[in-house]
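See below for the structure under consideration.
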Amino acid sequence: GGLPPGPPPAPPAAPSAPSAPVAPSALAPGRRLRVHTDLPQLAASLCGRRFELVPRPDADVVWCGEHVRDFAPYEEEGAPCVNQLPQESCLTSKDLLHALLDAGPAPPSPWLPEAYSLPQQLPELLQDLQRRAAAAAPPARYILKPWSSSRCRGHTVTAALATLLGCAANAPHGPRLACRYVDRPLLVGGRKAVLRLHLAVASLSPPVAYASASGWYMRVSRAPFAGASDSDAEAHLTRGRYAGADEAVLPAAEAVRLLEEEHASLRGRWGEVWRRISGVLGRLVALLASRAAEGSRLARGGGRAAYGVDLLLAEGPGWRGGEEVDA
């Protein structure tokens, strides 16, 4: 369903006269929607009479897997709609996403963990570790991931200073984001579970986006979480197919049933949980909309994109492991 708008990451600009929304070219009765794509799976699925696969210059809709480098042609009136947005790196790059959300209005979201972009923010990370040591606090664990497109490569879970320093100095997979680890995730059958959601953005001016309350699925890790060592990828990661392993995947209805069976605090409350999830997704859309160029044809619907969102549920406000945090 449609998402509630999240709080804007920055104060909105002064209002201006609204521009007309953009839609694919009006189709005459009986004319098929002309689509250009470089994705074989998509091409194979558009076999119905409503669609026609055409070269890019003749398309009503361009849906491509390769990154669009030049968006100027899609800003022209009469241009095809495209499945990407110029500013979407603020969602798809982990370092930029965290930096922009962290810079949003106070108070910060309780679901946003502290994170450090390495190697640039290594001094700040070391200061935090020193502060914790001085306060005799237990060591904090971090999960380090490449900024984008890592496909589970270069992921490290650690609380060891030597490992953090080594990851910052040695970056075979590029710069990484050191994100505070969720020590108390909500488990299914004793295993870590991640919700895979799909977010469809139809317009940024005004913001219009959709997420299916029943079309998501859950991935479950291949090894039990309790007692797992930091190096046990099968306990900490739910993605297996990139390494050639099978993945345990549950449809939404089955995932909700198991969550409610295993966690008494969730019984009969999934609707409330979904509303909170929708609020998080709404904030992501607001962030995307805040970076759209005013009056842009792409923002008015000329760019329509779909994103996969991995969401991890935690046991409660103490998800950082032994610390008291505000919920």
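Within each chain, counting starts at residue 1; across the structure tokens, chains are named A, B, ... in the order shown, with ligands numbered 1 upward in that order.
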Within 7 Å of segment 222-225 of chain A using only C-alpha atoms, minus same-chain residues under 5 positions, as a list in words: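 In the requested format, the answer is Gly190, Arg191, Lys192, Glu234, Ala235 and His236 of chain A.
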Name all residues at most 12 Å from Glu76 of chain A (count only C-alpha atoms; drop same-chain ones fewer than 3 positions away) and give them as a PyMOL selection string. chain A and resi 22+71-73+79-81+295-298+302
Which residue is closest to Ala264 of chain A? Choose from A:Arg276, A:Ala248, A:Arg176, A:Leu186 and count only C-alpha atoms.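 Of A:Arg276, A:Ala248, A:Arg176, A:Leu186, the one nearest Ala264 of chain A is A:Leu186, counting only C-alpha atoms.
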Interatomic distance between atom CA of Asp183 of chain A and atom CA of Gly316 of chain A?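 Separation of atom CA of Asp183 of chain A and atom CA of Gly316 of chain A: 10.9 Å.
Interatomic distance, atom CA of Arg69 of chain A to atom CA of Ala306 of chain A: 17.9 Å.
Using only C-alpha atoms for every distance, the candidate list A:Glu88, A:Asp38, A:Asp70, A:Glu75 yields A:Glu88 as the residue closest to Ala305 of chain A.
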Taking 2 positions as the minimum chain separation for residues in the same chain, which residues sit within 12 Å of Arg300 of chain A when counting only C-alpha atoms? Answer as a PDB file with all heavy atoms, in the first residue's frame.
```pdb
ATOM      1  N   PRO A  18       2.965  23.841  -8.286  1.00  0.00           N
ATOM      2  CA  PRO A  18       3.141  22.439  -8.627  1.00  0.00           C
ATOM      3  C   PRO A  18       3.229  22.244 -10.132  1.00  0.00           C
ATOM      4  O   PRO A  18       2.618  22.974 -10.907  1.00  0.00           O
ATOM      5  CB  PRO A  18       1.884  21.781  -8.043  1.00  0.00           C
ATOM      6  CG  PRO A  18       0.865  22.878  -7.973  1.00  0.00           C
ATOM      7  CD  PRO A  18       1.639  24.136  -7.702  1.00  0.00           C
ATOM      8  N   SER A  19       4.007  21.246 -10.536  1.00  0.00           N
ATOM      9  CA  SER A  19       4.118  20.890 -11.942  1.00  0.00           C
ATOM     10  C   SER A  19       3.292  19.652 -12.207  1.00  0.00           C
ATOM     11  O   SER A  19       2.998  18.866 -11.315  1.00  0.00           O
ATOM     12  CB  SER A  19       5.582  20.619 -12.307  1.00  0.00           C
ATOM     13  OG  SER A  19       6.375  21.761 -12.057  1.00  0.00           O
ATOM     14  N   ALA A  20       2.898  19.471 -13.436  1.00  0.00           N
ATOM     15  CA  ALA A  20       2.074  18.323 -13.790  1.00  0.00           C
ATOM     16  C   ALA A  20       2.867  17.042 -13.643  1.00  0.00           C
ATOM     17  O   ALA A  20       4.045  16.992 -13.979  1.00  0.00           O
ATOM     18  CB  ALA A  20       1.585  18.477 -15.224  1.00  0.00           C
ATOM     19  N   PRO A  21       2.222  15.980 -13.130  1.00  0.00           N
ATOM     20  CA  PRO A  21       2.929  14.703 -13.025  1.00  0.00           C
ATOM     21  C   PRO A  21       3.222  14.132 -14.404  1.00  0.00           C
ATOM     22  O   PRO A  21       2.562  14.446 -15.384  1.00  0.00           O
ATOM     23  CB  PRO A  21       1.937  13.825 -12.250  1.00  0.00           C
ATOM     24  CG  PRO A  21       0.596  14.441 -12.500  1.00  0.00           C
ATOM     25  CD  PRO A  21       0.842  15.916 -12.629  1.00  0.00           C
ATOM     26  N   VAL A  22       4.222  13.282 -14.440  1.00  0.00           N
ATOM     27  CA  VAL A  22       4.641  12.669 -15.694  1.00  0.00           C
ATOM     28  C   VAL A  22       4.185  11.223 -15.713  1.00  0.00           C
ATOM     29  O   VAL A  22       4.303  10.514 -14.722  1.00  0.00           O
ATOM     30  CB  VAL A  22       6.175  12.725 -15.847  1.00  0.00           C
ATOM     31  CG1 VAL A  22       6.628  11.984 -17.090  1.00  0.00           C
ATOM     32  CG2 VAL A  22       6.621  14.181 -15.920  1.00  0.00           C
ATOM     33  N   ALA A  23       3.668  10.782 -16.825  1.00  0.00           N
ATOM     34  CA  ALA A  23       3.264   9.398 -17.012  1.00  0.00           C
ATOM     35  C   ALA A  23       3.785   8.929 -18.357  1.00  0.00           C
ATOM     36  O   ALA A  23       4.113   9.746 -19.221  1.00  0.00           O
ATOM     37  CB  ALA A  23       1.740   9.268 -16.950  1.00  0.00           C
ATOM     38  N   PRO A  24       3.879   7.619 -18.577  1.00  0.00           N
ATOM     39  CA  PRO A  24       4.247   7.150 -19.903  1.00  0.00           C
ATOM     40  C   PRO A  24       3.300   7.702 -20.955  1.00  0.00           C
ATOM     41  O   PRO A  24       2.141   8.026 -20.669  1.00  0.00           O
ATOM     42  CB  PRO A  24       4.135   5.627 -19.781  1.00  0.00           C
ATOM     43  CG  PRO A  24       4.312   5.349 -18.332  1.00  0.00           C
ATOM     44  CD  PRO A  24       3.696   6.529 -17.630  1.00  0.00           C
ATOM     45  N   TYR A  74      16.366  12.268 -20.338  1.00  0.00           N
ATOM     46  CA  TYR A  74      15.096  11.873 -19.727  1.00  0.00           C
ATOM     47  C   TYR A  74      14.378  13.054 -19.071  1.00  0.00           C
ATOM     48  O   TYR A  74      13.245  12.902 -18.613  1.00  0.00           O
ATOM     49  CB  TYR A  74      15.344  10.777 -18.689  1.00  0.00           C
ATOM     50  CG  TYR A  74      15.906   9.513 -19.293  1.00  0.00           C
ATOM     51  CD1 TYR A  74      17.264   9.189 -19.164  1.00  0.00           C
ATOM     52  CD2 TYR A  74      15.097   8.652 -20.026  1.00  0.00           C
ATOM     53  CE1 TYR A  74      17.785   8.040 -19.725  1.00  0.00           C
ATOM     54  CE2 TYR A  74      15.608   7.494 -20.592  1.00  0.00           C
ATOM     55  CZ  TYR A  74      16.954   7.198 -20.443  1.00  0.00           C
ATOM     56  OH  TYR A  74      17.468   6.060 -21.012  1.00  0.00           O
ATOM     57  N   GLU A  75      15.033  14.201 -19.005  1.00  0.00           N
ATOM     58  CA  GLU A  75      14.380  15.401 -18.477  1.00  0.00           C
ATOM     59  C   GLU A  75      13.589  16.135 -19.562  1.00  0.00           C
ATOM     60  O   GLU A  75      12.797  17.025 -19.263  1.00  0.00           O
ATOM     61  CB  GLU A  75      15.423  16.357 -17.879  1.00  0.00           C
ATOM     62  CG  GLU A  75      16.040  15.878 -16.564  1.00  0.00           C
ATOM     63  CD  GLU A  75      15.084  16.015 -15.387  1.00  0.00           C
ATOM     64  OE1 GLU A  75      13.897  16.350 -15.601  1.00  0.00           O
ATOM     65  OE2 GLU A  75      15.526  15.769 -14.247  1.00  0.00           O
ATOM     66  N   GLU A  77      10.759  16.894 -22.265  1.00  0.00           N
ATOM     67  CA  GLU A  77       9.345  16.544 -22.388  1.00  0.00           C
ATOM     68  C   GLU A  77       9.170  15.540 -23.525  1.00  0.00           C
ATOM     69  O   GLU A  77       9.767  15.679 -24.594  1.00  0.00           O
ATOM     70  CB  GLU A  77       8.497  17.791 -22.631  1.00  0.00           C
ATOM     71  CG  GLU A  77       8.496  18.762 -21.471  1.00  0.00           C
ATOM     72  CD  GLU A  77       8.017  18.120 -20.170  1.00  0.00           C
ATOM     73  OE1 GLU A  77       7.087  17.277 -20.232  1.00  0.00           O
ATOM     74  OE2 GLU A  77       8.569  18.445 -19.100  1.00  0.00           O
ATOM     75  N   CYS A  81       9.858   7.204 -19.767  1.00  0.00           N
ATOM     76  CA  CYS A  81      10.091   7.042 -18.335  1.00  0.00           C
ATOM     77  C   CYS A  81      11.238   6.057 -18.145  1.00  0.00           C
ATOM     78  O   CYS A  81      11.438   5.153 -18.955  1.00  0.00           O
ATOM     79  CB  CYS A  81       8.835   6.516 -17.641  1.00  0.00           C
ATOM     80  SG  CYS A  81       7.480   7.708 -17.570  1.00  0.00           S
ATOM     81  N   VAL A  82      11.996   6.246 -17.073  1.00  0.00           N
ATOM     82  CA  VAL A  82      13.166   5.408 -16.822  1.00  0.00           C
ATOM     83  C   VAL A  82      13.116   4.887 -15.394  1.00  0.00           C
ATOM     84  O   VAL A  82      12.535   5.530 -14.505  1.00  0.00           O
ATOM     85  CB  VAL A  82      14.472   6.202 -17.083  1.00  0.00           C
ATOM     86  CG1 VAL A  82      14.620   7.343 -16.078  1.00  0.00           C
ATOM     87  CG2 VAL A  82      15.697   5.295 -17.060  1.00  0.00           C
ATOM     88  N   LEU A  85      16.760   7.000 -10.739  1.00  0.00           N
ATOM     89  CA  LEU A  85      16.677   8.396 -10.331  1.00  0.00           C
ATOM     90  C   LEU A  85      18.088   8.940 -10.126  1.00  0.00           C
ATOM     91  O   LEU A  85      18.963   8.221  -9.627  1.00  0.00           O
ATOM     92  CB  LEU A  85      15.867   8.531  -9.039  1.00  0.00           C
ATOM     93  CG  LEU A  85      14.385   8.166  -9.164  1.00  0.00           C
ATOM     94  CD1 LEU A  85      13.773   7.916  -7.794  1.00  0.00           C
ATOM     95  CD2 LEU A  85      13.627   9.271  -9.893  1.00  0.00           C
ATOM     96  N   VAL A 201       8.947   3.458  -5.987  1.00  0.00           N
ATOM     97  CA  VAL A 201       8.809   4.915  -5.955  1.00  0.00           C
ATOM     98  C   VAL A 201       8.207   5.370  -7.271  1.00  0.00           C
ATOM     99  O   VAL A 201       8.809   5.222  -8.338  1.00  0.00           O
ATOM    100  CB  VAL A 201      10.175   5.592  -5.723  1.00  0.00           C
ATOM    101  CG1 VAL A 201      10.020   7.113  -5.731  1.00  0.00           C
ATOM    102  CG2 VAL A 201      10.781   5.128  -4.397  1.00  0.00           C
ATOM    103  N   ALA A 202       6.988   5.924  -7.198  1.00  0.00           N
ATOM    104  CA  ALA A 202       6.286   6.362  -8.402  1.00  0.00           C
ATOM    105  C   ALA A 202       6.517   7.838  -8.696  1.00  0.00           C
ATOM    106  O   ALA A 202       6.435   8.266  -9.845  1.00  0.00           O
ATOM    107  CB  ALA A 202       4.789   6.099  -8.259  1.00  0.00           C
ATOM    108  N   SER A 203       6.803   8.615  -7.663  1.00  0.00           N
ATOM    109  CA  SER A 203       6.999  10.057  -7.842  1.00  0.00           C
ATOM    110  C   SER A 203       7.693  10.602  -6.605  1.00  0.00           C
ATOM    111  O   SER A 203       7.537  10.079  -5.502  1.00  0.00           O
ATOM    112  CB  SER A 203       5.650  10.764  -8.047  1.00  0.00           C
ATOM    113  OG  SER A 203       5.785  12.170  -7.993  1.00  0.00           O
ATOM    114  N   LEU A 204       8.472  11.664  -6.794  1.00  0.00           N
ATOM    115  CA  LEU A 204       9.096  12.361  -5.671  1.00  0.00           C
ATOM    116  C   LEU A 204       8.514  13.750  -5.470  1.00  0.00           C
ATOM    117  O   LEU A 204       8.764  14.385  -4.458  1.00  0.00           O
ATOM    118  CB  LEU A 204      10.607  12.469  -5.903  1.00  0.00           C
ATOM    119  CG  LEU A 204      11.372  11.142  -5.926  1.00  0.00           C
ATOM    120  CD1 LEU A 204      12.851  11.387  -6.222  1.00  0.00           C
ATOM    121  CD2 LEU A 204      11.215  10.390  -4.609  1.00  0.00           C
ATOM    122  N   SER A 205       7.760  14.234  -6.436  1.00  0.00           N
ATOM    123  CA  SER A 205       7.160  15.562  -6.346  1.00  0.00           C
ATOM    124  C   SER A 205       5.748  15.511  -6.928  1.00  0.00           C
ATOM    125  O   SER A 205       5.556  15.748  -8.119  1.00  0.00           O
ATOM    126  CB  SER A 205       8.019  16.581  -7.115  1.00  0.00           C
ATOM    127  OG  SER A 205       7.466  17.874  -7.012  1.00  0.00           O
ATOM    128  N   PRO A 206       4.753  15.144  -6.050  1.00  0.00           N
ATOM    129  CA  PRO A 206       4.856  14.862  -4.618  1.00  0.00           C
ATOM    130  C   PRO A 206       5.382  13.447  -4.382  1.00  0.00           C
ATOM    131  O   PRO A 206       5.338  12.605  -5.285  1.00  0.00           O
ATOM    132  CB  PRO A 206       3.413  14.982  -4.143  1.00  0.00           C
ATOM    133  CG  PRO A 206       2.611  14.529  -5.335  1.00  0.00           C
ATOM    134  CD  PRO A 206       3.362  15.051  -6.533  1.00  0.00           C
ATOM    135  N   PRO A 207       5.874  13.173  -3.147  1.00  0.00           N
ATOM    136  CA  PRO A 207       6.363  11.824  -2.861  1.00  0.00           C
ATOM    137  C   PRO A 207       5.228  10.799  -2.886  1.00  0.00           C
ATOM    138  O   PRO A 207       4.237  10.927  -2.166  1.00  0.00           O
ATOM    139  CB  PRO A 207       6.954  11.946  -1.456  1.00  0.00           C
ATOM    140  CG  PRO A 207       7.192  13.417  -1.257  1.00  0.00           C
ATOM    141  CD  PRO A 207       6.115  14.099  -2.025  1.00  0.00           C
ATOM    142  N   VAL A 208       5.361   9.791  -3.730  1.00  0.00           N
ATOM    143  CA  VAL A 208       4.397   8.694  -3.822  1.00  0.00           C
ATOM    144  C   VAL A 208       5.189   7.401  -3.930  1.00  0.00           C
ATOM    145  O   VAL A 208       5.991   7.237  -4.852  1.00  0.00           O
ATOM    146  CB  VAL A 208       3.460   8.843  -5.038  1.00  0.00           C
ATOM    147  CG1 VAL A 208       2.492   7.665  -5.109  1.00  0.00           C
ATOM    148  CG2 VAL A 208       2.694  10.158  -4.986  1.00  0.00           C
ATOM    149  N   ALA A 289      13.317  12.283  -1.825  1.00  0.00           N
ATOM    150  CA  ALA A 289      12.612  13.454  -2.365  1.00  0.00           C
ATOM    151  C   ALA A 289      13.334  14.753  -2.027  1.00  0.00           C
ATOM    152  O   ALA A 289      13.319  15.704  -2.817  1.00  0.00           O
ATOM    153  CB  ALA A 289      11.183  13.491  -1.820  1.00  0.00           C
ATOM    154  N   ALA A 292      15.846  15.765  -4.690  1.00  0.00           N
ATOM    155  CA  ALA A 292      15.397  15.900  -6.077  1.00  0.00           C
ATOM    156  C   ALA A 292      15.465  17.354  -6.519  1.00  0.00           C
ATOM    157  O   ALA A 292      15.172  18.270  -5.738  1.00  0.00           O
ATOM    158  CB  ALA A 292      13.975  15.369  -6.215  1.00  0.00           C
ATOM    159  N   ALA A 293      15.850  17.565  -7.750  1.00  0.00           N
ATOM    160  CA  ALA A 293      15.907  18.923  -8.298  1.00  0.00           C
ATOM    161  C   ALA A 293      14.492  19.478  -8.453  1.00  0.00           C
ATOM    162  O   ALA A 293      13.593  18.784  -8.933  1.00  0.00           O
ATOM    163  CB  ALA A 293      16.626  18.914  -9.644  1.00  0.00           C
ATOM    164  N   GLU A 294      14.296  20.716  -8.039  1.00  0.00           N
ATOM    165  CA  GLU A 294      12.977  21.328  -8.108  1.00  0.00           C
ATOM    166  C   GLU A 294      12.520  21.430  -9.562  1.00  0.00           C
ATOM    167  O   GLU A 294      13.263  21.866 -10.443  1.00  0.00           O
ATOM    168  CB  GLU A 294      13.007  22.720  -7.475  1.00  0.00           C
ATOM    169  CG  GLU A 294      11.638  23.374  -7.392  1.00  0.00           C
ATOM    170  CD  GLU A 294      11.675  24.695  -6.639  1.00  0.00           C
ATOM    171  OE1 GLU A 294      12.750  25.040  -6.123  1.00  0.00           O
ATOM    172  OE2 GLU A 294      10.625  25.351  -6.568  1.00  0.00           O
ATOM    173  N   GLY A 295      11.293  21.010  -9.805  1.00  0.00           N
ATOM    174  CA  GLY A 295      10.737  21.080 -11.154  1.00  0.00           C
ATOM    175  C   GLY A 295      11.199  19.971 -12.071  1.00  0.00           C
ATOM    176  O   GLY A 295      10.844  19.949 -13.252  1.00  0.00           O
ATOM    177  N   SER A 296      11.988  19.043 -11.566  1.00  0.00           N
ATOM    178  CA  SER A 296      12.539  17.982 -12.407  1.00  0.00           C
ATOM    179  C   SER A 296      11.442  17.083 -12.962  1.00  0.00           C
ATOM    180  O   SER A 296      10.534  16.663 -12.237  1.00  0.00           O
ATOM    181  CB  SER A 296      13.526  17.143 -11.587  1.00  0.00           C
ATOM    182  OG  SER A 296      13.828  15.926 -12.233  1.00  0.00           O
ATOM    183  N   ARG A 297      11.523  16.799 -14.253  1.00  0.00           N
ATOM    184  CA  ARG A 297      10.583  15.859 -14.863  1.00  0.00           C
ATOM    185  C   ARG A 297      10.728  14.477 -14.254  1.00  0.00           C
ATOM    186  O   ARG A 297       9.730  13.767 -14.044  1.00  0.00           O
ATOM    187  CB  ARG A 297      10.815  15.799 -16.370  1.00  0.00           C
ATOM    188  CG  ARG A 297       9.943  14.782 -17.115  1.00  0.00           C
ATOM    189  CD  ARG A 297      10.295  14.701 -18.588  1.00  0.00           C
ATOM    190  NE  ARG A 297       9.454  13.721 -19.238  1.00  0.00           N
ATOM    191  CZ  ARG A 297       9.690  12.405 -19.252  1.00  0.00           C
ATOM    192  NH1 ARG A 297      10.769  11.944 -18.646  1.00  0.00           N
ATOM    193  NH2 ARG A 297       8.868  11.575 -19.882  1.00  0.00           N
ATOM    194  N   LEU A 298      11.965  14.083 -13.954  1.00  0.00           N
ATOM    195  CA  LEU A 298      12.191  12.780 -13.357  1.00  0.00           C
ATOM    196  C   LEU A 298      11.538  12.692 -11.984  1.00  0.00           C
ATOM    197  O   LEU A 298      10.991  11.654 -11.616  1.00  0.00           O
ATOM    198  CB  LEU A 298      13.696  12.514 -13.245  1.00  0.00           C
ATOM    199  CG  LEU A 298      14.416  12.221 -14.566  1.00  0.00           C
ATOM    200  CD1 LEU A 298      15.922  12.351 -14.390  1.00  0.00           C
ATOM    201  CD2 LEU A 298      14.052  10.849 -15.085  1.00  0.00           C
ATOM    202  N   GLY A 302       8.790  10.935 -14.137  1.00  0.00           N
ATOM    203  CA  GLY A 302       9.563  10.488 -15.288  1.00  0.00           C
ATOM    204  C   GLY A 302      10.578   9.429 -14.899  1.00  0.00           C
ATOM    205  O   GLY A 302      11.005   8.629 -15.726  1.00  0.00           O
ATOM    206  N   GLY A 303      10.973   9.434 -13.619  1.00  0.00           N
ATOM    207  CA  GLY A 303      11.815   8.380 -13.070  1.00  0.00           C
ATOM    208  C   GLY A 303      11.007   7.582 -12.068  1.00  0.00           C
ATOM    209  O   GLY A 303      10.456   8.153 -11.122  1.00  0.00           O
ATOM    210  N   ARG A 304      10.888   6.301 -12.291  1.00  0.00           N
ATOM    211  CA  ARG A 304      10.124   5.426 -11.395  1.00  0.00           C
ATOM    212  C   ARG A 304      10.987   4.222 -11.074  1.00  0.00           C
ATOM    213  O   ARG A 304      11.350   3.474 -11.980  1.00  0.00           O
ATOM    214  CB  ARG A 304       8.807   4.999 -12.041  1.00  0.00           C
ATOM    215  CG  ARG A 304       7.932   6.176 -12.433  1.00  0.00           C
ATOM    216  CD  ARG A 304       6.582   5.745 -12.919  1.00  0.00           C
ATOM    217  NE  ARG A 304       5.750   6.893 -13.246  1.00  0.00           N
ATOM    218  CZ  ARG A 304       4.431   6.847 -13.374  1.00  0.00           C
ATOM    219  NH1 ARG A 304       3.794   5.705 -13.210  1.00  0.00           N
ATOM    220  NH2 ARG A 304       3.746   7.941 -13.677  1.00  0.00           N
TER     221      ARG A 304
END
```
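Minimum atom-to-atom distances from A:Tyr210, A:Trp111, A:Tyr181, A:Tyr142 to Tyr307 of chain A were compared using only C-alpha atoms, and the lowest value belongs to A:Tyr210.
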Segment 213-320 of chain A: which residues are strand (DSSP E) by DSSP, as a VMD selection string? chain A and resid 217 to 220 248 to 251 305 to 312
Prev. selection, N, CA, C and O atoms, output as a compact mmCIF listing (two decimals), in the first residue's frame:
```txt
# COMPACT_ATOMS: atom_id res chain seq x y z
N TYR A 217 9.44 -11.16 1.76
CA TYR A 217 9.80 -12.49 2.23
C TYR A 217 10.91 -12.38 3.27
O TYR A 217 11.49 -11.31 3.47
N MET A 218 11.18 -13.47 3.93
CA MET A 218 12.20 -13.50 4.99
C MET A 218 13.30 -14.48 4.60
O MET A 218 13.05 -15.60 4.16
N ARG A 219 14.56 -14.04 4.77
CA ARG A 219 15.72 -14.92 4.62
C ARG A 219 16.22 -15.30 6.02
O ARG A 219 16.31 -14.44 6.90
N VAL A 220 16.58 -16.57 6.21
CA VAL A 220 17.02 -17.06 7.51
C VAL A 220 18.44 -17.61 7.36
O VAL A 220 18.75 -18.30 6.38
N ALA A 248 17.45 -20.21 2.91
CA ALA A 248 16.15 -20.50 3.52
C ALA A 248 15.29 -19.25 3.38
O ALA A 248 15.60 -18.21 3.97
N VAL A 249 14.23 -19.36 2.60
CA VAL A 249 13.37 -18.21 2.31
C VAL A 249 11.94 -18.56 2.71
O VAL A 249 11.42 -19.62 2.34
N LEU A 250 11.31 -17.66 3.45
CA LEU A 250 9.94 -17.85 3.91
C LEU A 250 9.06 -16.75 3.35
O LEU A 250 9.42 -15.56 3.44
N PRO A 251 7.88 -17.06 2.78
CA PRO A 251 6.95 -16.01 2.36
C PRO A 251 6.41 -15.25 3.56
O PRO A 251 6.50 -15.71 4.71
N ALA A 305 11.33 4.06 -9.82
CA ALA A 305 12.34 3.07 -9.46
C ALA A 305 11.80 2.10 -8.41
O ALA A 305 10.90 2.42 -7.64
N ALA A 306 12.38 0.90 -8.42
CA ALA A 306 12.06 -0.12 -7.42
C ALA A 306 13.34 -0.49 -6.70
O ALA A 306 14.38 -0.69 -7.33
N TYR A 307 13.26 -0.58 -5.38
CA TYR A 307 14.43 -0.86 -4.56
C TYR A 307 14.16 -2.05 -3.64
O TYR A 307 13.04 -2.19 -3.12
N GLY A 308 15.18 -2.87 -3.42
CA GLY A 308 15.10 -3.91 -2.42
C GLY A 308 15.66 -3.39 -1.11
O GLY A 308 16.72 -2.76 -1.09
N VAL A 309 14.94 -3.62 -0.02
CA VAL A 309 15.34 -3.13 1.30
C VAL A 309 15.44 -4.32 2.24
O VAL A 309 14.47 -5.07 2.42
N ASP A 310 16.61 -4.51 2.83
CA ASP A 310 16.79 -5.55 3.86
C ASP A 310 16.58 -4.91 5.23
O ASP A 310 17.24 -3.92 5.57
N LEU A 311 15.68 -5.49 6.01
CA LEU A 311 15.33 -4.91 7.30
C LEU A 311 15.49 -5.98 8.39
O LEU A 311 14.97 -7.08 8.26
N LEU A 312 16.22 -5.63 9.43
CA LEU A 312 16.48 -6.55 10.54
C LEU A 312 15.68 -6.11 11.75
O LEU A 312 15.76 -4.95 12.17
```
